[in-house]
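Trainee: Structure file query13.tsv (TSV, C-alpha atoms and all ligand atoms) right here:
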chain	number	residue	atom	x	y	z
N	129	MET	CA	4.53	15.33	-15.88
N	130	ASN	CA	2.59	14.54	-12.68
N	131	PHE	CA	3.81	15.29	-9.14
N	132	TRP	CA	5.05	11.74	-8.56
N	133	ASP	CA	6.85	11.49	-11.91
N	134	GLN	CA	8.67	14.70	-11.01
N	135	ARG	CA	9.58	13.41	-7.56
N	136	PHE	CA	10.81	10.05	-8.87
N	137	SER	CA	12.84	11.77	-11.64
N	138	GLU	CA	15.30	12.80	-8.95
N	139	PRO	CA	18.38	10.57	-8.66
N	140	GLY	CA	18.22	7.74	-6.12
N	141	TYR	CA	15.24	6.13	-4.44
N	142	LYS	CA	13.08	8.59	-2.47
N	143	TYR	CA	11.98	6.02	0.13
N	144	GLY	CA	15.10	3.87	-0.08
N	145	LEU	CA	15.71	0.36	-1.32
N	146	GLU	CA	14.65	-1.53	1.79
N	147	PRO	CA	11.04	-2.65	2.45
N	148	ASN	CA	8.83	-0.95	5.00
N	149	ALA	CA	9.40	-2.40	8.49
N	150	PHE	CA	5.69	-2.92	9.29
N	151	LEU	CA	5.23	-4.83	6.03
N	152	CYS	CA	8.17	-7.10	6.94
N	153	GLN	CA	6.59	-7.76	10.33
N	154	GLN	CA	3.17	-8.56	8.83
N	155	ALA	CA	4.47	-10.67	5.92
N	156	ALA	CA	4.56	-13.77	8.14
N	157	ARG	CA	0.76	-13.88	7.71
N	158	LEU	CA	1.09	-14.50	3.96
N	159	ALA	CA	0.96	-18.03	2.55
N	160	PRO	CA	3.91	-19.07	0.33
N	161	VAL	CA	3.60	-17.98	-3.31
N	162	SER	CA	0.73	-15.58	-2.62
N	163	GLN	CA	-0.72	-13.40	-5.39
N	164	ILE	CA	-0.07	-9.89	-4.08
N	165	LEU	CA	-1.15	-6.47	-5.37
N	166	VAL	CA	0.89	-3.45	-4.26
N	167	PRO	CA	-1.07	-0.29	-5.18
N	168	GLY	CA	1.03	2.89	-5.10
N	169	ASP	CA	4.31	0.92	-5.02
N	170	GLY	CA	6.25	3.91	-6.41
N	171	GLU	CA	9.88	2.94	-7.01
N	172	GLY	CA	9.14	-0.63	-5.98
N	173	ARG	CA	10.99	-1.25	-2.71
N	174	ASN	CA	8.05	-3.18	-1.21
N	175	GLY	CA	6.88	-5.05	-4.33
N	176	VAL	CA	10.42	-6.17	-5.13
N	177	TRP	CA	11.00	-7.38	-1.58
N	178	LEU	CA	7.73	-9.38	-1.65
N	179	ALA	CA	8.81	-10.93	-4.98
N	180	GLU	CA	12.15	-11.85	-3.36
N	181	GLN	CA	10.15	-13.73	-0.70
N	182	GLY	CA	8.73	-15.93	-3.49
N	183	HIS	CA	5.37	-14.20	-3.99
N	184	THR	CA	3.81	-13.32	-7.35
N	185	VAL	CA	3.60	-9.53	-7.26
N	186	THR	CA	1.82	-6.90	-9.33
N	187	SER	CA	2.63	-3.27	-8.55
N	188	VAL	CA	0.35	-0.50	-9.82
N	189	ASP	CA	1.03	3.22	-9.63
N	190	LEU	CA	0.24	6.39	-11.52
N	191	SER	CA	3.94	7.21	-11.96
N	192	GLU	CA	5.49	5.67	-15.11
N	193	ILE	CA	8.90	6.84	-13.88
N	194	GLY	CA	8.42	5.18	-10.49
N	195	LEU	CA	7.38	1.90	-12.10
N	196	HIS	CA	10.37	2.05	-14.48
N	197	LYS	CA	12.66	2.34	-11.45
N	198	ALA	CA	10.73	-0.52	-9.79
N	199	GLN	CA	11.43	-2.71	-12.84
N	200	SER	CA	15.15	-1.78	-12.70
N	201	LEU	CA	15.25	-2.70	-9.02
N	202	ALA	CA	13.51	-6.04	-9.72
N	203	ALA	CA	15.99	-6.81	-12.52
N	204	SER	CA	18.95	-5.95	-10.27
N	205	ARG	CA	17.62	-8.38	-7.66
N	206	GLY	CA	16.82	-11.10	-10.23
N	207	VAL	CA	13.06	-11.24	-9.56
N	208	ARG	CA	9.98	-10.77	-11.72
N	209	LEU	CA	7.62	-7.87	-11.00
N	210	THR	CA	4.50	-7.12	-13.07
N	211	THR	CA	3.73	-3.40	-13.26
N	212	HIS	CA	0.81	-1.37	-14.60
N	213	CYS	CA	0.42	2.41	-14.71
N	214	VAL	CA	-3.09	3.13	-13.36
N	215	ASP	CA	-4.96	5.76	-11.36
N	216	LEU	CA	-6.60	4.21	-8.30
N	217	ALA	CA	-9.38	6.78	-8.68
N	218	ASP	CA	-10.87	4.65	-11.44
N	219	TRP	CA	-9.20	1.24	-11.38
N	220	SER	CA	-10.17	-2.12	-9.81
N	221	PRO	CA	-8.42	-5.46	-9.60
N	222	GLU	CA	-10.34	-8.53	-10.72
N	223	VAL	CA	-12.77	-9.53	-7.96
N	224	SER	CA	-11.51	-12.34	-5.66
N	225	SER	CA	-8.21	-12.70	-7.55
N	226	LEU	CA	-5.70	-11.82	-4.81
N	227	ASP	CA	-4.27	-13.25	-1.60
N	228	ALA	CA	-3.04	-9.88	-0.32
N	229	VAL	CA	-3.18	-6.15	-0.96
N	230	VAL	CA	-0.31	-4.06	0.45
N	231	LEU	CA	-0.81	-0.30	0.82
N	232	ILE	CA	2.28	1.46	2.16
N	233	TYR	CA	1.98	5.28	2.25
N	234	THR	CA	-0.47	5.24	-0.66
N	235	HIS	CA	-2.22	8.44	0.42
N	236	LEU	CA	-5.43	9.12	-1.48
N	237	PRO	CA	-7.63	12.23	-1.10
N	238	GLY	CA	-10.83	11.88	0.90
N	239	ALA	CA	-12.98	12.23	-2.22
N	240	ILE	CA	-11.75	8.90	-3.62
N	241	ARG	CA	-10.21	7.09	-0.64
N	242	GLN	CA	-13.14	4.99	0.58
N	243	LEU	CA	-14.34	3.88	-2.86
N	244	ALA	CA	-10.80	3.03	-3.96
N	245	HIS	CA	-10.16	1.09	-0.74
N	246	ARG	CA	-13.39	-0.89	-1.13
N	247	ARG	CA	-12.56	-1.74	-4.77
N	248	LEU	CA	-9.13	-3.01	-3.68
N	249	ALA	CA	-10.60	-5.07	-0.82
N	250	ARG	CA	-13.06	-6.74	-3.21
N	251	GLY	CA	-10.04	-8.00	-5.15
N	252	LEU	CA	-9.18	-10.28	-2.22
N	253	ARG	CA	-10.14	-13.94	-1.98
N	254	PRO	CA	-11.71	-15.38	1.20
N	255	GLY	CA	-8.95	-15.46	3.83
N	256	GLY	CA	-6.98	-12.75	1.98
N	257	TRP	CA	-5.09	-10.03	3.81
N	258	LEU	CA	-4.88	-6.25	3.52
N	259	VAL	CA	-1.86	-4.58	5.13
N	260	LEU	CA	-1.69	-0.77	5.31
N	261	GLU	CA	0.63	1.83	6.83
N	262	ALA	CA	0.04	5.55	6.30
N	263	PHE	CA	0.55	8.83	8.10
N	264	HIS	CA	-2.00	9.92	10.72
N	265	PRO	CA	-3.29	13.55	10.96
N	266	GLU	CA	-0.97	14.04	13.97
N	267	GLN	CA	1.93	13.69	11.50
N	268	LEU	CA	1.24	17.34	10.60
N	269	THR	CA	3.27	18.24	13.72
N	270	HIS	CA	6.29	16.22	12.52
N	271	ALA	CA	8.80	16.93	9.73
N	272	SER	CA	9.61	13.28	8.91
N	273	GLY	CA	7.56	13.06	5.68
N	274	GLY	CA	4.07	12.72	4.30
N	275	PRO	CA	1.40	14.97	2.80
N	276	LYS	CA	0.82	18.33	4.50
N	277	ASP	CA	-2.94	18.13	3.81
N	278	VAL	CA	-5.15	16.54	6.49
N	279	ASP	CA	-7.52	15.32	3.74
N	280	MET	CA	-4.76	12.89	2.64
N	281	LEU	CA	-4.00	11.54	6.15
N	282	TYR	CA	-5.71	8.52	7.68
N	283	THR	CA	-7.11	7.67	11.10
N	284	PRO	CA	-7.80	4.06	12.17
N	285	GLU	CA	-11.50	4.97	12.46
N	286	GLN	CA	-11.63	6.09	8.81
N	287	LEU	CA	-10.04	2.80	7.75
N	288	ASP	CA	-12.42	0.76	9.95
N	289	ALA	CA	-15.28	2.49	8.07
N	290	ASP	CA	-13.64	2.13	4.64
N	291	PHE	CA	-13.38	-1.66	4.94
N	292	ALA	CA	-16.51	-2.29	7.05
N	293	GLY	CA	-18.44	-5.36	5.93
N	294	LEU	CA	-15.58	-6.52	3.68
N	295	LEU	CA	-12.64	-7.10	6.02
N	296	ALA	CA	-12.40	-8.09	9.67
N	297	PRO	CA	-9.91	-5.74	11.37
N	298	VAL	CA	-6.99	-7.55	13.00
N	299	GLU	CA	-4.95	-4.44	13.77
N	300	SER	CA	-6.20	-0.83	13.78
N	301	TRP	CA	-3.70	1.42	15.54
N	302	HIS	CA	-2.03	4.80	15.49
N	303	GLY	CA	1.05	6.03	17.29
N	304	GLU	CA	4.67	7.06	16.95
N	305	THR	CA	7.46	5.15	15.29
N	306	ARG	CA	10.92	6.01	13.96
N	307	LEU	CA	11.20	5.91	10.17
N	308	ALA	CA	14.47	5.41	8.28
N	309	GLU	CA	13.24	5.07	4.68
N	310	GLY	CA	15.48	6.92	2.23
N	311	PRO	CA	15.53	10.74	2.16
N	312	GLY	CA	11.69	10.87	2.04
N	313	HIS	CA	10.82	9.36	5.43
N	314	GLN	CA	13.30	10.06	8.22
N	315	GLY	CA	12.72	10.50	11.94
N	316	ILE	CA	9.92	10.18	14.47
N	317	ALA	CA	6.57	9.87	12.70
N	318	HIS	CA	2.93	9.45	13.70
N	319	VAL	CA	1.51	6.58	11.64
N	320	THR	CA	-1.69	4.59	11.28
N	321	ARG	CA	-1.42	0.84	10.84
N	322	TRP	CA	-4.33	-1.27	9.68
N	323	VAL	CA	-4.51	-4.99	8.93
N	324	GLY	CA	-7.66	-6.86	7.96
N	325	GLN	CA	-8.69	-10.25	6.63
N	326	VAL	CA	-11.54	-11.06	4.27
N	327	LEU	CA	-14.63	-12.04	6.18
N	328	ALA	CA	-15.73	-15.62	5.54
N	329	ALA	CA	-18.43	-15.87	2.88
N	330	PRO	CA	-21.84	-16.02	4.63
N	331	GLY	CA	-23.49	-19.45	4.69
N	332	PRO	CA	-26.85	-19.90	2.86
N	333	GLU	CA	-28.81	-19.37	6.11
N	334	MET	CA	-27.10	-15.97	6.62
N	335	ARG	CA	-27.81	-14.61	3.12
N	336	SER	CA	-30.77	-12.29	2.89
I	401	LIG	C1	4.61	8.29	-0.67
I	401	LIG	S1	4.71	7.40	-2.16
I	401	LIG	C2	4.91	5.75	-1.51
I	401	LIG	C3	5.55	4.82	-2.49
I	401	LIG	C4	5.74	3.40	-1.96
I	401	LIG	N1	4.50	2.80	-1.53
I	401	LIG	C5	6.74	3.36	-0.84
I	401	LIG	O1	6.33	3.23	0.32
I	401	LIG	O2	7.94	3.45	-1.12
I	401	LIG	C6	3.01	7.37	-2.73
I	401	LIG	C7	2.81	6.57	-4.01
I	401	LIG	O3	1.41	6.50	-4.30
I	401	LIG	C8	1.22	6.71	-5.68
I	401	LIG	N2	-0.13	7.23	-5.90
I	401	LIG	C9	-0.67	8.34	-5.34
I	401	LIG	N3	-1.93	8.52	-5.79
I	401	LIG	C10	-2.19	7.50	-6.65
I	401	LIG	C11	-3.31	7.15	-7.46
I	401	LIG	N4	-4.42	7.90	-7.47
I	401	LIG	N5	-3.22	6.03	-8.22
I	401	LIG	C12	-2.08	5.29	-8.24
I	401	LIG	N6	-1.00	5.59	-7.51
I	401	LIG	C13	-1.03	6.68	-6.72
I	401	LIG	C14	2.30	7.70	-6.07
I	401	LIG	O4	2.57	7.70	-7.45
I	401	LIG	C15	3.47	7.21	-5.24
I	401	LIG	O5	4.21	6.22	-5.91
Would you mind giving the structure from this file in structure tokens?
Ligand SMILES: C[S@@+](CC[C@H](N)C(=O)[O-])C[C@H]1O[C@@H](n2cnc3c(N)ncnc32)[C@H](O)[C@@H]1O

Mentor:
Amino acid sequence: MNFWDQRFSEPGYKYGLEPNAFLCQQAARLAPVSQILVPGDGEGRNGVWLAEQGHTVTSVDLSEIGLHKAQSLAASRGVRLTTHCVDLADWSPEVSSLDAVVLIYTHLPGAIRQLAHRRLARGLRPGGWLVLEAFHPEQLTHASGGPKDVDMLYTPEQLDADFAGLLAPVESWHGETRLAEGPGHQGIAHVTRWVGQVLAAPGPEMRS
């Protein structure tokens, strides 16, 4: 059983049942009935909430147990959620198939982070959005959640580089916020927030 299956085997929902606050704030950018991918959706609080807003949502995660709980949550709320158990280290969505990718605390190690992020961004259509919140390295001084390994923590500059040439940054920020997300994320936290939109396809005169 992997680390996340073990964690999600515990009773209850580790990060609560309510969606992430930054996602709620950013969701106004999304067109009605968007096709949304939620990589690392865990027990499904964010994917289910997006489905409740009328979007068509696919959640992928490497925890079968997390995705099973996500399906239970979707059923209890009367919405449809498509789920697939995948490892983002070697998985890509279909190119240009998505209106949004939502990454909430999907912490990947440095060895795979940039390639995985670029594969996910290529899944977006022109005009598509990527919304991300994760812990910043300064979170190591807080006890409100997150990995204790700096290799798994993200700076805005790393994310600017990860998505360079694919997405135009709209928000690239780090700072403190107060988290109240189940037993897993509680208290003052230092987070990185990144939002980008797919760059317009270059016109014929711009192609080399
Ligand atoms: C901190 S939890 C966040 C869960 C959810 N996004 C939330 O905010 O409630 C991190 C999630 O990322 C998933 N994850 C980590 N590495 C992954 C990988 N390589 N491929 C797919 N999912 C991964 C874990 O299984 C877990 O569900």

Trainee: Within 7 Å of ligand LIG 401 (chain I), which residues of chain N show up? Give each one with its shortest atom-to-atom distance in Å (one decimal) and the two atoms involved, counting only C-alpha atoms and all ligand atoms, rows by chain then rising residue number, as a Markdown table.

Mentor:
| residue | atom | partner | partner_atom | distance |
| --- | --- | --- | --- | --- |
| N:Trp132 | CA | I:LIG401 | O4 | 4.9 |
| N:Tyr143 | CA | I:LIG401 | O2 | 4.9 |
| N:Asn148 | CA | I:LIG401 | O1 | 6.8 |
| N:Pro167 | CA | I:LIG401 | N6 | 6.3 |
| N:Gly168 | CA | I:LIG401 | O3 | 3.7 |
| N:Asp169 | CA | I:LIG401 | N1 | 4.0 |
| N:Gly170 | CA | I:LIG401 | O5 | 3.1 |
| N:Glu171 | CA | I:LIG401 | O2 | 6.2 |
| N:Gly172 | CA | I:LIG401 | O2 | 6.5 |
| N:Arg173 | CA | I:LIG401 | O2 | 5.8 |
| N:Asn174 | CA | I:LIG401 | O2 | 6.6 |
| N:Val188 | CA | I:LIG401 | C12 | 6.5 |
| N:Asp189 | CA | I:LIG401 | N6 | 3.8 |
| N:Leu190 | CA | I:LIG401 | C12 | 4.2 |
| N:Ser191 | CA | I:LIG401 | O4 | 4.7 |
| N:Gly194 | CA | I:LIG401 | O5 | 6.3 |
| N:Val214 | CA | I:LIG401 | C12 | 5.6 |
| N:Asp215 | CA | I:LIG401 | N5 | 3.6 |
| N:Leu216 | CA | I:LIG401 | N5 | 3.8 |
| N:Ala217 | CA | I:LIG401 | N4 | 5.2 |
| N:Leu231 | CA | I:LIG401 | N1 | 6.6 |
| N:Ile232 | CA | I:LIG401 | N1 | 4.5 |
| N:Tyr233 | CA | I:LIG401 | C2 | 4.8 |
| N:Thr234 | CA | I:LIG401 | O3 | 4.3 |
| N:His235 | CA | I:LIG401 | C9 | 6.0 |
| N:Leu236 | CA | I:LIG401 | N3 | 5.6 |
| N:Gly274 | CA | I:LIG401 | C1 | 6.7 |

Trainee: If you count all atoms listed in the file, which residues fall within 9 Å of Ala271 (chain N), apart from same-chain ones fewer than 5 positions away, as a list in words?

Mentor: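 Once the adjacent positions are removed, what remains is His313, Gln314, Gly315, Ile316 and Ala317 of chain N.
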
Trainee: How far is it from CA of Arg247 (chain N) to CA of Leu195 (chain N), in Å with one decimal?

Mentor: 21.6 Å

Trainee: Using all atoms listed in the file, pick whichever of N:Ser187, N:Glu222, N:Leu178, N:Phe136 has the shortest atom-to-atom distance to Arg205 (chain N).

Mentor: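 Answer, going by the shortest atom-to-atom distance: N:Leu178.
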
Trainee: Compare N:Leu165, N:Ala159, N:Leu295, N:Val229 by their minimum atom-to-atom distance to Leu258 (chain N), counting all atoms listed in the file, and give me the closest one.

Mentor: N:Val229

Trainee: Quick one: which region 218-284 of chain N residues come within 10 Å of region 301-308 of chain N, and what is the nearest atom pair for each with the distance in Å to one decimal, counting only C-alpha atoms, rows ordered by chain and ascending number, as a Markdown table?

Mentor:
| residue | atom | partner | partner_atom | distance |
| --- | --- | --- | --- | --- |
| N:Glu261 | CA | N:His302 | CA | 9.5 |
| N:Ala262 | CA | N:His302 | CA | 9.5 |
| N:Phe263 | CA | N:His302 | CA | 8.8 |
| N:His264 | CA | N:His302 | CA | 7.0 |
| N:Pro265 | CA | N:His302 | CA | 9.9 |
| N:Glu266 | CA | N:Gly303 | CA | 8.9 |
| N:Gln267 | CA | N:Glu304 | CA | 9.0 |
| N:Ser272 | CA | N:Leu307 | CA | 7.6 |
| N:Gly273 | CA | N:Leu307 | CA | 9.2 |
| N:Tyr282 | CA | N:His302 | CA | 9.4 |
| N:Thr283 | CA | N:His302 | CA | 7.3 |
| N:Pro284 | CA | N:Trp301 | CA | 5.9 |

Trainee: One decimal, Å: what's the distance from CA of Ala289 (chain N) over to CA of Ala228 (chain N), could you say?

Mentor: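 One can read the CA of Ala289 (chain N) to CA of Ala228 (chain N) distance as 19.3 Å.
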
Trainee: Of the candidates N:Gly140, N:Pro275, N:Pro237, N:Gly182, which one gets nearest to Gly206 (chain N) if we count all atoms listed in the file?

Mentor: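 So, comparing all the options, the nearest one is N:Gly182.
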
Trainee: Out of N:Pro139, N:Gly175, N:Gly312, N:Pro297, which residue has the shortest atom-to-atom distance to Trp257 (chain N) when counting only C-alpha atoms?

Mentor: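 Closest to Trp257 (chain N) of all the choices is N:Pro297.
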
Trainee: Please identify all polymer residues within 8 Å of Gly255 (chain N), counting all atoms listed in the file, omitting same-chain residues fewer than 5 positions from it, and present them as number ranges by chain.

Mentor: N: 227, 325-328

Trainee: Please, what distance in Å, to one decimal, runs between CA of Ala249 (chain N) and CA of Pro221 (chain N)?

Mentor: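 Between CA of Ala249 (chain N) and CA of Pro221 (chain N) the gap works out to 9.1 Å.
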
Trainee: Counting only C-alpha atoms, which residue out of N:Val207, N:Leu243, N:Val176, N:Leu248 sits closest to Val223 (chain N)?

Mentor: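 Checking each of N:Val207, N:Leu243, N:Val176, N:Leu248 against Val223 (chain N), counting only C-alpha atoms, the winner is N:Leu248.
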
Trainee: With all atoms listed in the file as the basis for distance, which of N:Gln154, N:Gln199, N:Ser224, N:Asn130 is at the shortest distance from Val323 (chain N)?

Mentor: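 Result for the nearest residue to Val323 (chain N): N:Gln154.
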
Trainee: Would you list the residues near (-10.3, 5.3, 6.2), meaning any protein, DNA or RNA residue with an atom at most 10 Å from that point in file coordinates, counting only C-alpha atoms, as number ranges by chain?

Mentor: N: 236, 238, 241-242, 245, 281-292, 322

Trainee: So that I can check the surroundings of Gly144 (chain N), please list as an NGL selection string every protein, DNA and RNA residue that reaches within 7 Å of it, counting all atoms listed in the file and ignoring chain neighbours fewer than 3 positions away.

Mentor: :N and (141 or 309-310)
